[in-house]
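Below: model-v4.pdb (PDB, N, CA, C and O atoms and all ligand atoms)
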```
ATOM      1  N   MET A   1     109.778 -81.914  20.349
ATOM      2  CA  MET A   1     109.931 -80.602  19.705
ATOM      3  C   MET A   1     108.992 -80.520  18.492
ATOM      4  O   MET A   1     108.790 -81.479  17.775
ATOM      5  N   ILE A   2     108.434 -79.341  18.325
ATOM      6  CA  ILE A   2     107.534 -79.099  17.190
ATOM      7  C   ILE A   2     108.061 -77.901  16.420
ATOM      8  O   ILE A   2     108.396 -76.880  17.012
ATOM      9  N   LEU A   3     108.132 -78.036  15.112
ATOM     10  CA  LEU A   3     108.514 -76.906  14.277
ATOM     11  C   LEU A   3     107.243 -76.271  13.721
ATOM     12  O   LEU A   3     106.482 -76.917  12.999
ATOM     13  N   TYR A   4     107.022 -75.038  14.088
ATOM     14  CA  TYR A   4     105.866 -74.324  13.567
ATOM     15  C   TYR A   4     106.306 -73.292  12.536
ATOM     16  O   TYR A   4     107.332 -72.630  12.707
ATOM     17  N   ARG A   5     105.506 -73.170  11.500
ATOM     18  CA  ARG A   5     105.673 -72.031  10.599
ATOM     19  C   ARG A   5     104.781 -70.923  11.116
ATOM     20  O   ARG A   5     103.585 -71.104  11.291
ATOM     21  N   LEU A   6     105.387 -69.799  11.381
ATOM     22  CA  LEU A   6     104.684 -68.686  12.004
ATOM     23  C   LEU A   6     104.586 -67.512  11.041
ATOM     24  O   LEU A   6     105.372 -67.404  10.100
ATOM     25  N   ILE A   7     103.592 -66.666  11.316
ATOM     26  CA  ILE A   7     103.416 -65.486  10.470
ATOM     27  C   ILE A   7     103.106 -64.296  11.363
ATOM     28  O   ILE A   7     102.337 -64.410  12.316
ATOM     29  N   CYS A   8     103.734 -63.173  11.086
ATOM     30  CA  CYS A   8     103.511 -61.986  11.899
ATOM     31  C   CYS A   8     102.417 -61.131  11.275
ATOM     32  O   CYS A   8     101.875 -61.456  10.215
ATOM     33  N   ALA A   9     102.077 -60.041  11.929
ATOM     34  CA  ALA A   9     101.012 -59.168  11.432
ATOM     35  C   ALA A   9     101.369 -58.540  10.093
ATOM     36  O   ALA A   9     100.499 -58.094   9.365
ATOM     37  N   GLU A  10     102.661 -58.523   9.780
ATOM     38  CA  GLU A  10     103.109 -57.958   8.509
ATOM     39  C   GLU A  10     103.272 -59.031   7.440
ATOM     40  O   GLU A  10     103.849 -58.794   6.387
ATOM     41  N   LYS A  11     102.787 -60.229   7.763
ATOM     42  CA  LYS A  11     102.788 -61.342   6.811
ATOM     43  C   LYS A  11     104.172 -61.908   6.511
ATOM     44  O   LYS A  11     104.390 -62.535   5.504
ATOM     45  N   HIS A  12     105.110 -61.672   7.420
ATOM     46  CA  HIS A  12     106.401 -62.348   7.286
ATOM     47  C   HIS A  12     106.252 -63.749   7.865
ATOM     48  O   HIS A  12     105.694 -63.908   8.943
ATOM     49  N   THR A  13     106.768 -64.717   7.181
ATOM     50  CA  THR A  13     106.721 -66.079   7.713
ATOM     51  C   THR A  13     108.110 -66.530   8.117
ATOM     52  O   THR A  13     109.108 -66.155   7.507
ATOM     53  N   PHE A  14     108.155 -67.327   9.164
ATOM     54  CA  PHE A  14     109.422 -67.876   9.634
ATOM     55  C   PHE A  14     109.122 -69.149  10.421
ATOM     56  O   PHE A  14     107.997 -69.367  10.861
ATOM     57  N   ASP A  15     110.129 -69.961  10.568
ATOM     58  CA  ASP A  15     109.975 -71.225  11.284
ATOM     59  C   ASP A  15     110.633 -71.123  12.646
ATOM     60  O   ASP A  15     111.702 -70.536  12.782
ATOM     61  N   GLN A  16     109.983 -71.708  13.642
ATOM     62  CA  GLN A  16     110.584 -71.709  14.975
ATOM     63  C   GLN A  16     110.216 -72.995  15.702
ATOM     64  O   GLN A  16     109.100 -73.485  15.594
ATOM     65  N   TRP A  17     111.166 -73.513  16.463
ATOM     66  CA  TRP A  17     110.958 -74.727  17.240
ATOM     67  C   TRP A  17     110.360 -74.403  18.603
ATOM     68  O   TRP A  17     110.731 -73.426  19.236
ATOM     69  N   PHE A  18     109.464 -75.299  19.036
ATOM     70  CA  PHE A  18     108.893 -75.210  20.377
ATOM     71  C   PHE A  18     108.911 -76.597  21.000
ATOM     72  O   PHE A  18     108.920 -77.606  20.303
ATOM     73  N   ASP A  19     108.869 -76.599  22.345
ATOM     74  CA  ASP A  19     108.862 -77.888  23.032
ATOM     75  C   ASP A  19     107.589 -78.665  22.709
ATOM     76  O   ASP A  19     107.597 -79.877  22.534
ATOM     77  N   ASN A  20     106.480 -77.935  22.658
ATOM     78  CA  ASN A  20     105.178 -78.547  22.392
ATOM     79  C   ASN A  20     104.174 -77.423  22.113
ATOM     80  O   ASN A  20     104.551 -76.258  22.086
ATOM     81  N   MET A  21     102.916 -77.791  21.929
ATOM     82  CA  MET A  21     101.922 -76.777  21.621
ATOM     83  C   MET A  21     101.762 -75.760  22.747
ATOM     84  O   MET A  21     101.589 -74.568  22.513
ATOM     85  N   ALA A  22     101.813 -76.235  23.991
ATOM     86  CA  ALA A  22     101.660 -75.337  25.134
ATOM     87  C   ALA A  22     102.809 -74.336  25.197
ATOM     88  O   ALA A  22     102.620 -73.181  25.590
ATOM     89  N   ASP A  23     103.989 -74.793  24.819
ATOM     90  CA  ASP A  23     105.148 -73.910  24.808
ATOM     91  C   ASP A  23     104.934 -72.775  23.801
ATOM     92  O   ASP A  23     105.234 -71.612  24.084
ATOM     93  N   TYR A  24     104.380 -73.127  22.656
ATOM     94  CA  TYR A  24     104.065 -72.102  21.658
ATOM     95  C   TYR A  24     103.056 -71.100  22.225
ATOM     96  O   TYR A  24     103.242 -69.884  22.137
ATOM     97  N   ASP A  25     101.969 -71.610  22.803
ATOM     98  CA  ASP A  25     100.922 -70.727  23.335
ATOM     99  C   ASP A  25     101.482 -69.793  24.401
ATOM    100  O   ASP A  25     101.177 -68.598  24.435
ATOM    101  N   LEU A  26     102.309 -70.370  25.276
ATOM    102  CA  LEU A  26     102.885 -69.579  26.359
ATOM    103  C   LEU A  26     103.770 -68.462  25.818
ATOM    104  O   LEU A  26     103.642 -67.301  26.195
ATOM    105  N   LYS A  27     104.658 -68.817  24.914
ATOM    106  CA  LYS A  27     105.590 -67.825  24.369
ATOM    107  C   LYS A  27     104.859 -66.747  23.568
ATOM    108  O   LYS A  27     105.201 -65.569  23.620
ATOM    109  N   ARG A  28     103.822 -67.177  22.857
ATOM    110  CA  ARG A  28     103.046 -66.196  22.108
ATOM    111  C   ARG A  28     102.356 -65.218  23.067
ATOM    112  O   ARG A  28     102.360 -64.010  22.853
ATOM    113  N   ASP A  29     101.741 -65.780  24.121
ATOM    114  CA  ASP A  29     101.035 -64.926  25.085
ATOM    115  C   ASP A  29     101.994 -63.970  25.783
ATOM    116  O   ASP A  29     101.619 -62.857  26.151
ATOM    117  N   GLN A  30     103.209 -64.418  25.976
ATOM    118  CA  GLN A  30     104.212 -63.566  26.632
ATOM    119  C   GLN A  30     104.892 -62.630  25.635
ATOM    120  O   GLN A  30     105.800 -61.901  25.983
ATOM    121  N   GLN A  31     104.456 -62.702  24.395
ATOM    122  CA  GLN A  31     105.072 -61.939  23.308
ATOM    123  C   GLN A  31     106.571 -62.211  23.235
ATOM    124  O   GLN A  31     107.375 -61.314  22.986
ATOM    125  N   ALA A  32     106.897 -63.462  23.480
ATOM    126  CA  ALA A  32     108.295 -63.892  23.430
ATOM    127  C   ALA A  32     108.679 -64.418  22.051
ATOM    128  O   ALA A  32     109.819 -64.792  21.825
ATOM    129  N   ILE A  33     107.721 -64.450  21.161
ATOM    130  CA  ILE A  33     108.004 -64.839  19.784
ATOM    131  C   ILE A  33     108.078 -63.554  18.965
ATOM    132  O   ILE A  33     107.131 -62.780  18.922
ATOM    133  N   VAL A  34     109.211 -63.354  18.358
ATOM    134  CA  VAL A  34     109.462 -62.088  17.672
ATOM    135  C   VAL A  34     109.780 -62.351  16.207
ATOM    136  O   VAL A  34     110.628 -63.187  15.888
ATOM    137  N   CYS A  35     109.106 -61.632  15.344
ATOM    138  CA  CYS A  35     109.403 -61.757  13.920
ATOM    139  C   CYS A  35     110.841 -61.320  13.652
ATOM    140  O   CYS A  35     111.229 -60.220  14.041
ATOM    141  N   PRO A  36     111.635 -62.175  13.016
ATOM    142  CA  PRO A  36     113.041 -61.824  12.759
ATOM    143  C   PRO A  36     113.184 -60.722  11.719
ATOM    144  O   PRO A  36     114.246 -60.120  11.594
ATOM    145  N   GLU A  37     112.136 -60.451  10.983
ATOM    146  CA  GLU A  37     112.229 -59.435   9.937
ATOM    147  C   GLU A  37     111.853 -58.040  10.422
ATOM    148  O   GLU A  37     112.463 -57.049  10.059
ATOM    149  N   CYS A  38     110.773 -57.955  11.223
ATOM    150  CA  CYS A  38     110.290 -56.629  11.610
ATOM    151  C   CYS A  38     110.152 -56.460  13.119
ATOM    152  O   CYS A  38     109.849 -55.373  13.595
ATOM    153  N   GLY A  39     110.377 -57.543  13.877
ATOM    154  CA  GLY A  39     110.315 -57.420  15.324
ATOM    155  C   GLY A  39     108.910 -57.468  15.895
ATOM    156  O   GLY A  39     108.719 -57.260  17.091
ATOM    157  N   ASP A  40     107.931 -57.744  15.061
ATOM    158  CA  ASP A  40     106.556 -57.799  15.525
ATOM    159  C   ASP A  40     106.362 -58.995  16.462
ATOM    160  O   ASP A  40     106.986 -60.044  16.292
ATOM    161  N   THR A  41     105.504 -58.816  17.453
ATOM    162  CA  THR A  41     105.208 -59.922  18.367
ATOM    163  C   THR A  41     103.767 -60.412  18.223
ATOM    164  O   THR A  41     103.306 -61.213  19.020
ATOM    165  N   HIS A  42     103.064 -59.895  17.246
ATOM    166  CA  HIS A  42     101.713 -60.381  16.971
ATOM    167  C   HIS A  42     101.812 -61.568  16.009
ATOM    168  O   HIS A  42     101.695 -61.417  14.800
ATOM    169  N   ILE A  43     102.070 -62.717  16.589
ATOM    170  CA  ILE A  43     102.418 -63.900  15.819
ATOM    171  C   ILE A  43     101.260 -64.887  15.825
ATOM    172  O   ILE A  43     100.587 -65.070  16.828
ATOM    173  N   SER A  44     101.036 -65.501  14.699
ATOM    174  CA  SER A  44     100.097 -66.618  14.663
ATOM    175  C   SER A  44     100.707 -67.733  13.829
ATOM    176  O   SER A  44     101.688 -67.527  13.121
ATOM    177  N   LYS A  45     100.110 -68.902  13.932
ATOM    178  CA  LYS A  45     100.604 -70.021  13.155
ATOM    179  C   LYS A  45     100.175 -69.869  11.705
ATOM    180  O   LYS A  45      99.003 -69.657  11.409
ATOM    181  N   ALA A  46     101.135 -69.968  10.822
ATOM    182  CA  ALA A  46     100.797 -69.992   9.401
ATOM    183  C   ALA A  46     100.265 -71.377   9.066
ATOM    184  O   ALA A  46     100.596 -72.363   9.720
ATOM    185  N   LEU A  47      99.441 -71.429   8.050
ATOM    186  CA  LEU A  47      98.889 -72.715   7.664
ATOM    187  C   LEU A  47      99.939 -73.489   6.887
ATOM    188  O   LEU A  47     100.440 -73.032   5.876
ATOM    189  N   MET A  48     100.240 -74.658   7.386
ATOM    190  CA  MET A  48     101.204 -75.507   6.686
ATOM    191  C   MET A  48     100.431 -76.373   5.702
ATOM    192  O   MET A  48      99.463 -77.032   6.064
ATOM    193  N   ALA A  49     100.828 -76.358   4.499
ATOM    194  CA  ALA A  49     100.074 -76.957   3.404
ATOM    195  C   ALA A  49      99.557 -78.374   3.658
ATOM    196  O   ALA A  49      98.395 -78.643   3.391
ATOM    197  N   PRO A  50     100.358 -79.280   4.169
ATOM    198  CA  PRO A  50      99.877 -80.657   4.250
ATOM    199  C   PRO A  50      98.799 -80.881   5.310
ATOM    200  O   PRO A  50      98.113 -81.878   5.276
ATOM    201  N   SER A  51      98.676 -79.960   6.264
ATOM    202  CA  SER A  51      97.840 -80.250   7.406
ATOM    203  C   SER A  51      96.382 -79.899   7.213
ATOM    204  O   SER A  51      95.539 -80.306   7.982
ATOM    205  N   LEU A  52      96.054 -79.124   6.198
ATOM    206  CA  LEU A  52      94.679 -78.657   6.068
ATOM    207  C   LEU A  52      94.109 -78.933   4.683
ATOM    208  O   LEU A  52      93.298 -78.192   4.172
ATOM    209  N   THR A  53      94.515 -80.011   4.076
ATOM    210  CA  THR A  53      93.988 -80.344   2.765
ATOM    211  C   THR A  53      92.503 -80.653   2.865
ATOM    212  O   THR A  53      92.033 -81.201   3.855
ATOM    213  N   GLY A  54      91.774 -80.261   1.862
ATOM    214  CA  GLY A  54      90.367 -80.593   1.803
ATOM    215  C   GLY A  54      89.468 -79.606   2.487
ATOM    216  O   GLY A  54      88.267 -79.767   2.477
ATOM    217  N   SER A  55      90.013 -78.546   3.050
ATOM    218  CA  SER A  55      89.187 -77.560   3.729
ATOM    219  C   SER A  55      89.076 -76.288   2.890
ATOM    220  O   SER A  55      88.936 -75.204   3.412
ATOM    221  N   GLY A  56      89.185 -76.421   1.592
ATOM    222  CA  GLY A  56      89.082 -75.256   0.722
ATOM    223  C   GLY A  56      90.283 -74.361   0.817
ATOM    224  O   GLY A  56      90.174 -73.158   0.700
ATOM    225  N   GLY A  57      91.412 -74.933   1.047
ATOM    226  CA  GLY A  57      92.627 -74.168   1.270
ATOM    227  C   GLY A  57      93.026 -73.325   0.075
ATOM    228  O   GLY A  57      92.674 -73.625  -1.064
ATOM    229  N   THR A  58      93.761 -72.273   0.370
ATOM    230  CA  THR A  58      94.222 -71.374  -0.684
ATOM    231  C   THR A  58      95.730 -71.468  -0.833
ATOM    232  O   THR A  58      96.355 -70.569  -1.355
ATOM    233  N   VAL A  59      96.298 -72.537  -0.349
ATOM    234  CA  VAL A  59      97.754 -72.646  -0.296
ATOM    235  C   VAL A  59      98.328 -73.356  -1.505
ATOM    236  O   VAL A  59      99.442 -73.827  -1.484
ATOM    237  N   GLY A  60      97.565 -73.460  -2.562
ATOM    238  CA  GLY A  60      98.116 -74.098  -3.743
ATOM    239  C   GLY A  60      97.321 -75.326  -4.130
ATOM    240  O   GLY A  60      96.469 -75.798  -3.401
ATOM    241  N   ARG A  61      97.664 -75.856  -5.278
ATOM    242  CA  ARG A  61      96.877 -76.936  -5.836
ATOM    243  C   ARG A  61      97.583 -78.281  -5.776
ATOM    244  O   ARG A  61      97.122 -79.241  -6.358
ATOM    245  N   SER A  62      98.697 -78.341  -5.105
ATOM    246  CA  SER A  62      99.451 -79.585  -5.109
ATOM    247  C   SER A  62      98.662 -80.694  -4.418
ATOM    248  O   SER A  62      97.946 -80.461  -3.453
ATOM    249  N   GLU A  63      98.792 -81.864  -4.922
ATOM    250  CA  GLU A  63      98.065 -83.003  -4.378
ATOM    251  C   GLU A  63      98.747 -83.490  -3.108
ATOM    252  O   GLU A  63      99.969 -83.483  -3.019
ATOM    253  N   PRO A  64      97.980 -83.941  -2.137
ATOM    254  CA  PRO A  64      98.589 -84.485  -0.922
ATOM    255  C   PRO A  64      99.265 -85.815  -1.206
ATOM    256  O   PRO A  64      98.823 -86.578  -2.066
ATOM    257  N   ALA A  65     100.329 -86.063  -0.481
ATOM    258  CA  ALA A  65     100.990 -87.351  -0.625
ATOM    259  C   ALA A  65     100.154 -88.420   0.073
ATOM    260  O   ALA A  65      99.510 -88.165   1.076
ATOM    261  N   HIS A  66     100.185 -89.581  -0.474
ATOM    262  CA  HIS A  66      99.449 -90.682   0.142
ATOM    263  C   HIS A  66     100.265 -91.315   1.262
ATOM    264  O   HIS A  66     101.454 -91.540   1.105
ATOM    265  N   ALA A  67      99.590 -91.628   2.337
ATOM    266  CA  ALA A  67     100.255 -92.350   3.411
ATOM    267  C   ALA A  67     100.656 -93.742   2.963
ATOM    268  O   ALA A  67     101.588 -94.340   3.488
ATOM    269  N   CYS A  68      99.923 -94.254   1.974
ATOM    270  CA  CYS A  68     100.184 -95.620   1.516
ATOM    271  C   CYS A  68     101.340 -95.685   0.536
ATOM    272  O   CYS A  68     101.780 -96.750   0.154
ATOM    273  N   GLY A  69     101.845 -94.526   0.101
ATOM    274  CA  GLY A  69     102.979 -94.518  -0.797
ATOM    275  C   GLY A  69     102.633 -94.379  -2.263
ATOM    276  O   GLY A  69     103.514 -94.324  -3.103
ATOM    277  N   ALA A  70     101.334 -94.310  -2.595
ATOM    278  CA  ALA A  70     100.934 -94.103  -3.978
ATOM    279  C   ALA A  70     101.388 -92.728  -4.462
ATOM    280  O   ALA A  70     101.603 -91.822  -3.665
ATOM    281  N   GLU A  71     101.510 -92.577  -5.755
ATOM    282  CA  GLU A  71     101.909 -91.298  -6.312
ATOM    283  C   GLU A  71     100.899 -90.219  -5.946
ATOM    284  O   GLU A  71      99.689 -90.463  -5.984
ATOM    285  N   PRO A  72     101.383 -88.994  -5.619
ATOM    286  CA  PRO A  72     100.448 -87.894  -5.364
ATOM    287  C   PRO A  72      99.534 -87.679  -6.560
ATOM    288  O   PRO A  72      99.984 -87.678  -7.698
ATOM    289  N   GLY A  73      98.255 -87.538  -6.306
ATOM    290  CA  GLY A  73      97.299 -87.335  -7.367
ATOM    291  C   GLY A  73      96.694 -88.624  -7.895
ATOM    292  O   GLY A  73      95.677 -88.615  -8.554
ATOM    293  N   ALA A  74      97.340 -89.734  -7.588
ATOM    294  CA  ALA A  74      96.802 -91.023  -8.005
ATOM    295  C   ALA A  74      95.751 -91.476  -6.988
ATOM    296  O   ALA A  74      95.817 -91.120  -5.831
ATOM    297  N   GLY A  75      94.812 -92.242  -7.453
ATOM    298  CA  GLY A  75      93.789 -92.736  -6.528
ATOM    299  C   GLY A  75      94.210 -94.055  -5.935
ATOM    300  O   GLY A  75      94.516 -95.004  -6.644
ATOM    301  N   CYS A  76      94.256 -94.112  -4.635
ATOM    302  CA  CYS A  76      94.555 -95.393  -4.007
ATOM    303  C   CYS A  76      93.321 -95.921  -3.291
ATOM    304  O   CYS A  76      93.240 -97.079  -2.962
ATOM    305  N   GLY A  77      92.358 -95.037  -3.037
ATOM    306  CA  GLY A  77      91.072 -95.481  -2.524
ATOM    307  C   GLY A  77      90.937 -95.594  -1.037
ATOM    308  O   GLY A  77      89.845 -95.643  -0.513
ATOM    309  N   GLY A  78      92.017 -95.572  -0.299
ATOM    310  CA  GLY A  78      91.812 -95.877   1.099
ATOM    311  C   GLY A  78      92.665 -95.165   2.123
ATOM    312  O   GLY A  78      92.281 -95.082   3.266
ATOM    313  N   CYS A  79      93.809 -94.651   1.733
ATOM    314  CA  CYS A  79      94.673 -94.116   2.769
ATOM    315  C   CYS A  79      94.165 -92.759   3.264
ATOM    316  O   CYS A  79      93.357 -92.116   2.597
ATOM    317  N   PRO A  80      94.598 -92.313   4.425
ATOM    318  CA  PRO A  80      94.059 -91.091   5.019
ATOM    319  C   PRO A  80      94.187 -89.862   4.130
ATOM    320  O   PRO A  80      93.397 -88.930   4.253
ATOM    321  N   ALA A  81      95.148 -89.823   3.241
ATOM    322  CA  ALA A  81      95.301 -88.665   2.387
ATOM    323  C   ALA A  81      94.099 -88.460   1.474
ATOM    324  O   ALA A  81      93.858 -87.391   0.960
ATOM    325  N   MET A  82      93.321 -89.499   1.266
ATOM    326  CA  MET A  82      92.160 -89.401   0.399
ATOM    327  C   MET A  82      90.909 -88.979   1.148
ATOM    328  O   MET A  82      89.857 -88.824   0.571
ATOM    329  N   MET A  83      91.019 -88.802   2.442
ATOM    330  CA  MET A  83      89.823 -88.563   3.230
ATOM    331  C   MET A  83      89.705 -87.110   3.695
ATOM    332  O   MET A  83      88.983 -86.795   4.603
ATOM    333  N   GLY A  84      90.463 -86.214   3.071
ATOM    334  CA  GLY A  84      90.443 -84.835   3.485
ATOM    335  C   GLY A  84      89.081 -84.209   3.335
ATOM    336  O   GLY A  84      88.747 -83.283   3.979
TER     337      GLY A  84
HETATM  338 ZN    ZN A 101     107.324 -59.408  10.480
END
```

Mind converting the file's structure to structure tokens?
Ligand SMILES: [Zn+2]
Amino acid sequence: MILYRLICAEKHTFDQWFDNMADYDLKRDQQAIVCPECGDTHISKALMAPSLTGSGGTVGRSEPAHACGAEPGAGCGGCPAMMG
């Protein structure tokens, strides 16, 4: 199961579970994903903050957590969180 944060054309965000990525694509194509706030079916995946660090994101300035367990914002030099 995958939990996706979704966003509708009206910029409402909500979370929904899917079996996998293909399940999401299928349901979206079938317009089976409905915004709980406005009923819109024009749904896309919202950007989840931890997944797109280092790509000039606009989702805030919080530092990524280190996979190695170092404090966020601290330099550990090697774990994947530093390679964004
Ligand atoms: Zn909506």

Can I get the residues close to ligand ZN 101 (chain A) as an MDAnalysis selection string, where close means within 7 Å and we count only N, CA, C and O atoms and all ligand atoms?
chainID A and resid 7:13 34:40

Would you output that residue set with N, CA, C and O atoms, as a PDB file, in the frame of the given file?
```pdb
ATOM      1  N   ILE A   7     103.592 -66.666  11.316  1.00  0.00           N
ATOM      2  CA  ILE A   7     103.416 -65.486  10.470  1.00  0.00           C
ATOM      3  C   ILE A   7     103.106 -64.296  11.363  1.00  0.00           C
ATOM      4  O   ILE A   7     102.337 -64.410  12.316  1.00  0.00           O
ATOM      5  N   CYS A   8     103.734 -63.173  11.086  1.00  0.00           N
ATOM      6  CA  CYS A   8     103.511 -61.986  11.899  1.00  0.00           C
ATOM      7  C   CYS A   8     102.417 -61.131  11.275  1.00  0.00           C
ATOM      8  O   CYS A   8     101.875 -61.456  10.215  1.00  0.00           O
ATOM      9  N   ALA A   9     102.077 -60.041  11.929  1.00  0.00           N
ATOM     10  CA  ALA A   9     101.012 -59.168  11.432  1.00  0.00           C
ATOM     11  C   ALA A   9     101.369 -58.540  10.093  1.00  0.00           C
ATOM     12  O   ALA A   9     100.499 -58.094   9.365  1.00  0.00           O
ATOM     13  N   GLU A  10     102.661 -58.523   9.780  1.00  0.00           N
ATOM     14  CA  GLU A  10     103.109 -57.958   8.509  1.00  0.00           C
ATOM     15  C   GLU A  10     103.272 -59.031   7.440  1.00  0.00           C
ATOM     16  O   GLU A  10     103.849 -58.794   6.387  1.00  0.00           O
ATOM     17  N   LYS A  11     102.787 -60.229   7.763  1.00  0.00           N
ATOM     18  CA  LYS A  11     102.788 -61.342   6.811  1.00  0.00           C
ATOM     19  C   LYS A  11     104.172 -61.908   6.511  1.00  0.00           C
ATOM     20  O   LYS A  11     104.390 -62.535   5.504  1.00  0.00           O
ATOM     21  N   HIS A  12     105.110 -61.672   7.420  1.00  0.00           N
ATOM     22  CA  HIS A  12     106.401 -62.348   7.286  1.00  0.00           C
ATOM     23  C   HIS A  12     106.252 -63.749   7.865  1.00  0.00           C
ATOM     24  O   HIS A  12     105.694 -63.908   8.943  1.00  0.00           O
ATOM     25  N   THR A  13     106.768 -64.717   7.181  1.00  0.00           N
ATOM     26  CA  THR A  13     106.721 -66.079   7.713  1.00  0.00           C
ATOM     27  C   THR A  13     108.110 -66.530   8.117  1.00  0.00           C
ATOM     28  O   THR A  13     109.108 -66.155   7.507  1.00  0.00           O
ATOM     29  N   VAL A  34     109.211 -63.354  18.358  1.00  0.00           N
ATOM     30  CA  VAL A  34     109.462 -62.088  17.672  1.00  0.00           C
ATOM     31  C   VAL A  34     109.780 -62.351  16.207  1.00  0.00           C
ATOM     32  O   VAL A  34     110.628 -63.187  15.888  1.00  0.00           O
ATOM     33  N   CYS A  35     109.106 -61.632  15.344  1.00  0.00           N
ATOM     34  CA  CYS A  35     109.403 -61.757  13.920  1.00  0.00           C
ATOM     35  C   CYS A  35     110.841 -61.320  13.652  1.00  0.00           C
ATOM     36  O   CYS A  35     111.229 -60.220  14.041  1.00  0.00           O
ATOM     37  N   PRO A  36     111.635 -62.175  13.016  1.00  0.00           N
ATOM     38  CA  PRO A  36     113.041 -61.824  12.759  1.00  0.00           C
ATOM     39  C   PRO A  36     113.184 -60.722  11.719  1.00  0.00           C
ATOM     40  O   PRO A  36     114.246 -60.120  11.594  1.00  0.00           O
ATOM     41  N   GLU A  37     112.136 -60.451  10.983  1.00  0.00           N
ATOM     42  CA  GLU A  37     112.229 -59.435   9.937  1.00  0.00           C
ATOM     43  C   GLU A  37     111.853 -58.040  10.422  1.00  0.00           C
ATOM     44  O   GLU A  37     112.463 -57.049  10.059  1.00  0.00           O
ATOM     45  N   CYS A  38     110.773 -57.955  11.223  1.00  0.00           N
ATOM     46  CA  CYS A  38     110.290 -56.629  11.610  1.00  0.00           C
ATOM     47  C   CYS A  38     110.152 -56.460  13.119  1.00  0.00           C
ATOM     48  O   CYS A  38     109.849 -55.373  13.595  1.00  0.00           O
ATOM     49  N   GLY A  39     110.377 -57.543  13.877  1.00  0.00           N
ATOM     50  CA  GLY A  39     110.315 -57.420  15.324  1.00  0.00           C
ATOM     51  C   GLY A  39     108.910 -57.468  15.895  1.00  0.00           C
ATOM     52  O   GLY A  39     108.719 -57.260  17.091  1.00  0.00           O
ATOM     53  N   ASP A  40     107.931 -57.744  15.061  1.00  0.00           N
ATOM     54  CA  ASP A  40     106.556 -57.799  15.525  1.00  0.00           C
ATOM     55  C   ASP A  40     106.362 -58.995  16.462  1.00  0.00           C
ATOM     56  O   ASP A  40     106.986 -60.044  16.292  1.00  0.00           O
TER      57      ASP A  40
END
```

For atom CA of A:Met1 and atom CA of A:Asp15, the interatomic separation in Å (one decimal):
12.6 Å

Grab all the atoms of stretch 34-50 of chain A that the file lists, wrap them in a box along x, y and z, add 8 Å per side, and give me centre plus edge lengths in Å (one decimal) as AutoDock Vina command-line options.
```
--center_x 106.2 --center_y -68.6 --center_z 11.2 --size_x 32.1 --size_y 42.5 --size_z 31.6
```

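Atom to atom, atom C of A:Asp19 and atom N of A:Ile33 stand 14.3 Å apart.
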
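In this structure, atom CA of A:Ala65 sits 29.2 Å away from atom CA of A:Asp25.
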